[in-house]
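Asks: Sharing run.csv here; it has CSV, C-alpha atoms.
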```
chain,number,residue,atom,x,y,z
A,231,MET,CA,-56.5,1.6,23.7
A,232,GLN,CA,-56.8,3.7,26.9
A,233,LEU,CA,-53.4,5.4,26.1
A,234,LEU,CA,-54.5,6.1,22.5
A,235,PHE,CA,-57.7,7.7,23.8
A,236,ALA,CA,-55.8,9.8,26.3
A,237,CYS,CA,-53.4,10.9,23.5
A,238,CYS,CA,-56.4,11.9,21.3
A,239,ILE,CA,-57.9,13.9,24.2
A,240,ILE,CA,-54.6,15.8,24.7
A,241,PHE,CA,-54.1,16.3,21.0
A,242,THR,CA,-57.6,17.7,20.6
A,243,LEU,CA,-57.1,20.1,23.5
A,244,VAL,CA,-53.8,21.4,22.2
A,245,MET,CA,-55.2,21.9,18.7
A,246,ALA,CA,-58.2,23.8,20.3
A,247,VAL,CA,-56.1,26.3,22.3
A,248,ILE,CA,-53.1,27.0,20.1
A,249,PRO,CA,-53.2,30.5,18.7
A,250,ILE,CA,-54.7,31.1,15.3
A,251,THR,CA,-53.6,33.8,12.9
A,252,GLU,CA,-56.8,34.7,11.3
A,253,MET,CA,-60.2,35.6,12.7
A,254,PRO,CA,-62.8,32.9,12.2
A,255,ASN,CA,-66.0,33.4,10.2
A,256,ALA,CA,-69.2,33.5,12.1
A,257,PHE,CA,-70.0,30.0,10.7
A,258,ASN,CA,-67.1,28.3,9.0
A,259,LEU,CA,-68.2,24.9,7.6
A,260,TRP,CA,-64.7,23.5,7.5
A,261,ASP,CA,-64.2,24.4,11.2
A,262,LYS,CA,-67.5,22.6,12.1
A,263,ALA,CA,-66.4,19.6,10.0
A,264,GLN,CA,-63.1,19.5,11.9
A,265,HIS,CA,-65.0,19.5,15.2
A,266,ALA,CA,-67.2,16.7,14.0
A,267,LEU,CA,-64.3,14.6,12.7
A,268,ALA,CA,-62.3,15.1,15.9
A,269,PHE,CA,-65.2,14.1,18.1
A,270,SER,CA,-66.0,11.1,15.9
A,271,VAL,CA,-62.5,9.9,16.4
A,272,LEU,CA,-62.6,10.6,20.1
A,273,THR,CA,-65.9,8.7,20.4
A,274,ILE,CA,-64.6,5.6,18.6
A,275,ALA,CA,-61.3,5.7,20.6
A,276,GLY,CA,-63.3,6.1,23.8
A,277,ASN,CA,-65.6,3.2,23.0
A,278,LEU,CA,-62.7,1.0,22.2
A,279,ALA,CA,-60.9,2.1,25.4
A,280,TYR,CA,-63.9,1.7,27.6
A,281,PRO,CA,-66.5,-0.6,25.9
A,282,LYS,CA,-68.5,-1.1,29.1
A,283,LEU,CA,-68.7,2.7,29.8
A,284,THR,CA,-70.1,4.0,26.5
A,285,LYS,CA,-72.7,6.3,28.1
A,286,ALA,CA,-70.0,7.8,30.3
A,287,VAL,CA,-67.8,8.3,27.2
A,288,TYR,CA,-70.6,10.2,25.4
A,289,VAL,CA,-71.4,12.4,28.4
A,290,GLY,CA,-67.8,13.0,29.2
A,291,LEU,CA,-67.1,14.0,25.6
A,292,ILE,CA,-70.0,16.5,25.5
A,293,LEU,CA,-68.6,18.0,28.8
A,294,TYR,CA,-65.1,18.0,27.3
A,295,GLY,CA,-66.4,19.8,24.2
A,296,ALA,CA,-68.1,22.4,26.5
A,297,ALA,CA,-65.0,22.8,28.5
A,298,ILE,CA,-62.9,23.5,25.4
A,299,GLU,CA,-65.4,26.2,24.3
A,300,LEU,CA,-65.2,27.7,27.8
A,301,ILE,CA,-61.4,27.6,27.7
A,302,GLN,CA,-61.3,29.2,24.3
A,303,SER,CA,-63.7,32.0,25.5
A,304,THR,CA,-61.9,32.7,28.8
A,305,LEU,CA,-58.2,31.7,28.6
A,306,THR,CA,-57.2,32.5,25.1
A,307,THR,CA,-57.0,35.7,23.1
A,308,THR,CA,-57.0,34.3,19.6
A,309,ARG,CA,-59.7,31.6,20.0
A,310,PHE,CA,-63.5,32.0,20.4
A,311,GLY,CA,-65.9,29.6,22.0
A,312,GLU,CA,-69.0,29.0,20.0
A,313,PHE,CA,-72.2,27.1,20.7
A,314,SER,CA,-72.2,25.9,17.1
A,315,ASP,CA,-68.8,24.2,17.7
A,316,LEU,CA,-70.4,22.3,20.6
A,317,VAL,CA,-73.2,21.3,18.3
A,318,ALA,CA,-70.7,20.1,15.8
A,319,ASP,CA,-69.0,18.1,18.6
A,320,GLY,CA,-72.3,16.5,19.3
A,321,VAL,CA,-72.8,15.6,15.7
A,322,GLY,CA,-69.3,14.0,15.7
A,323,ILE,CA,-70.2,12.0,18.8
A,324,GLY,CA,-73.3,10.7,17.1
A,325,LEU,CA,-71.4,9.8,13.9
A,326,GLY,CA,-68.6,8.1,16.0
A,327,PHE,CA,-71.2,6.1,17.9
A,328,ALA,CA,-72.8,5.0,14.6
A,329,VAL,CA,-69.5,3.9,13.1
A,330,TYR,CA,-68.5,2.1,16.3
A,331,TYR,CA,-71.9,0.3,16.5
A,332,ILE,CA,-72.0,-0.7,12.9
A,333,VAL,CA,-68.4,-2.0,12.9
A,334,ARG,CA,-69.0,-3.9,16.2
A,335,LYS,CA,-72.1,-5.5,14.7
A,336,VAL,CA,-70.4,-6.6,11.5
A,337,ILE,CA,-67.5,-8.1,13.5
A,338,LYS,CA,-69.9,-10.0,15.7
A,339,GLN,CA,-71.7,-11.4,12.7
A,340,HIS,CA,-68.4,-12.6,11.2
A,341,SER,CA,-67.1,-14.2,14.4
```
Step by step, read the file and then write its structure as structure tokens.
Replies:
Amino acid sequence: MQLLFACCIIFTLVMAVIPITEMPNAFNLWDKAQHALAFSVLTIAGNLAYPKLTKAVYVGLILYGAAIELIQSTLTTTRFGEFSDLVADGVGIGLGFAVYYIVRKVIKQHS
């Protein structure tokens, strides 16, 4: 699971910094949904990889999301860091936690 989590982290970074061909809207709902989905997956994978370090996973993912926005703002010419993207990342982390918690609870009840 740790390898899967690492692959998800790398994939997310690559997708966040590859050049885009069109300028983004000020608030693009599909873009925010993509952020939330990506960080939901990262949260679930991180919790599966490090089940005893869930708080560290959440804090690490928020910092990772902030780092991506900083990288987009400073090291790319076709991407733009946005605070609203970081908020969408946080929403995704919350959703990922909820899914992980519910699934874990259901599995424990059926064990």
Asks: So, counting only C-alpha atoms, which residue among A:Gln302, A:Ser270, A:Asn258, A:Thr307 is closest to Asp319 of chain A?
Replies: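 Result for the nearest residue to Asp319 of chain A: A:Ser270.
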Asks: Determine the nearest neighbour of Tyr280 of chain A from the options A:Leu267, A:Ile301, A:Ile248, A:Ala236, counting all atoms listed in the file.
Replies: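 With all atoms listed in the file as the atom set, the closest residue is A:Ala236.
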Asks: Grab the atom CA of Phe313 of chain A to atom CA of Ile250 of chain A distance for me, in Å with one decimal place.
Replies: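 Answer for the atom CA of Phe313 of chain A to atom CA of Ile250 of chain A separation: 18.7 Å.
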Asks: Tell me which of A:Tyr288, A:Gly324, A:Leu300, A:Lys262 sits closest to Gly276 of chain A, counting all atoms listed in the file.
Replies: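 That would be A:Tyr288, the residue with the smallest distance to Gly276 of chain A.
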Asks: Which one is closest to Tyr331 of chain A: A:Ile274, A:Val287, A:Leu243, A:Leu293? Count all atoms listed in the file.
Replies: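 Of all the options, A:Ile274 lies closest to Tyr331 of chain A.
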Asks: Closest to Gly320 of chain A among A:Gln232, A:Thr242, A:Thr284, A:Thr273, using all atoms listed in the file?
Replies: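 The shortest atom-to-atom distance to Gly320 of chain A comes from A:Thr273.
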Asks: So how far away is atom CA of Ile323 of chain A from atom CA of Phe269 of chain A, in Å?
Replies: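 Computed distance, atom CA of Phe269 of chain A to atom CA of Ile323 of chain A, equals 5.5 Å.
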Asks: Nearest to Met231 of chain A: which of A:Glu299, A:Ala275, A:Asp315, A:Phe327 is it, counting only C-alpha atoms?
Replies: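 Counting only C-alpha atoms, the residue closest to Met231 of chain A is A:Ala275.
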Asks: Grab the atom CA of Leu272 of chain A to atom CA of Gly326 of chain A distance for me, in Å with one decimal place.
Replies: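 According to the coordinates, atom CA of Leu272 of chain A and atom CA of Gly326 of chain A are separated by 7.7 Å.
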Asks: Residues near Ser314 of chain A, anyone? I mean within 8 Å using all atoms listed in the file, not counting same-chain ones fewer than 2 positions away, as a list in words.
Replies: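 What passes the distance filter is Phe257, Lys262, Glu312, Leu316, Val317 and Ala318 of chain A.
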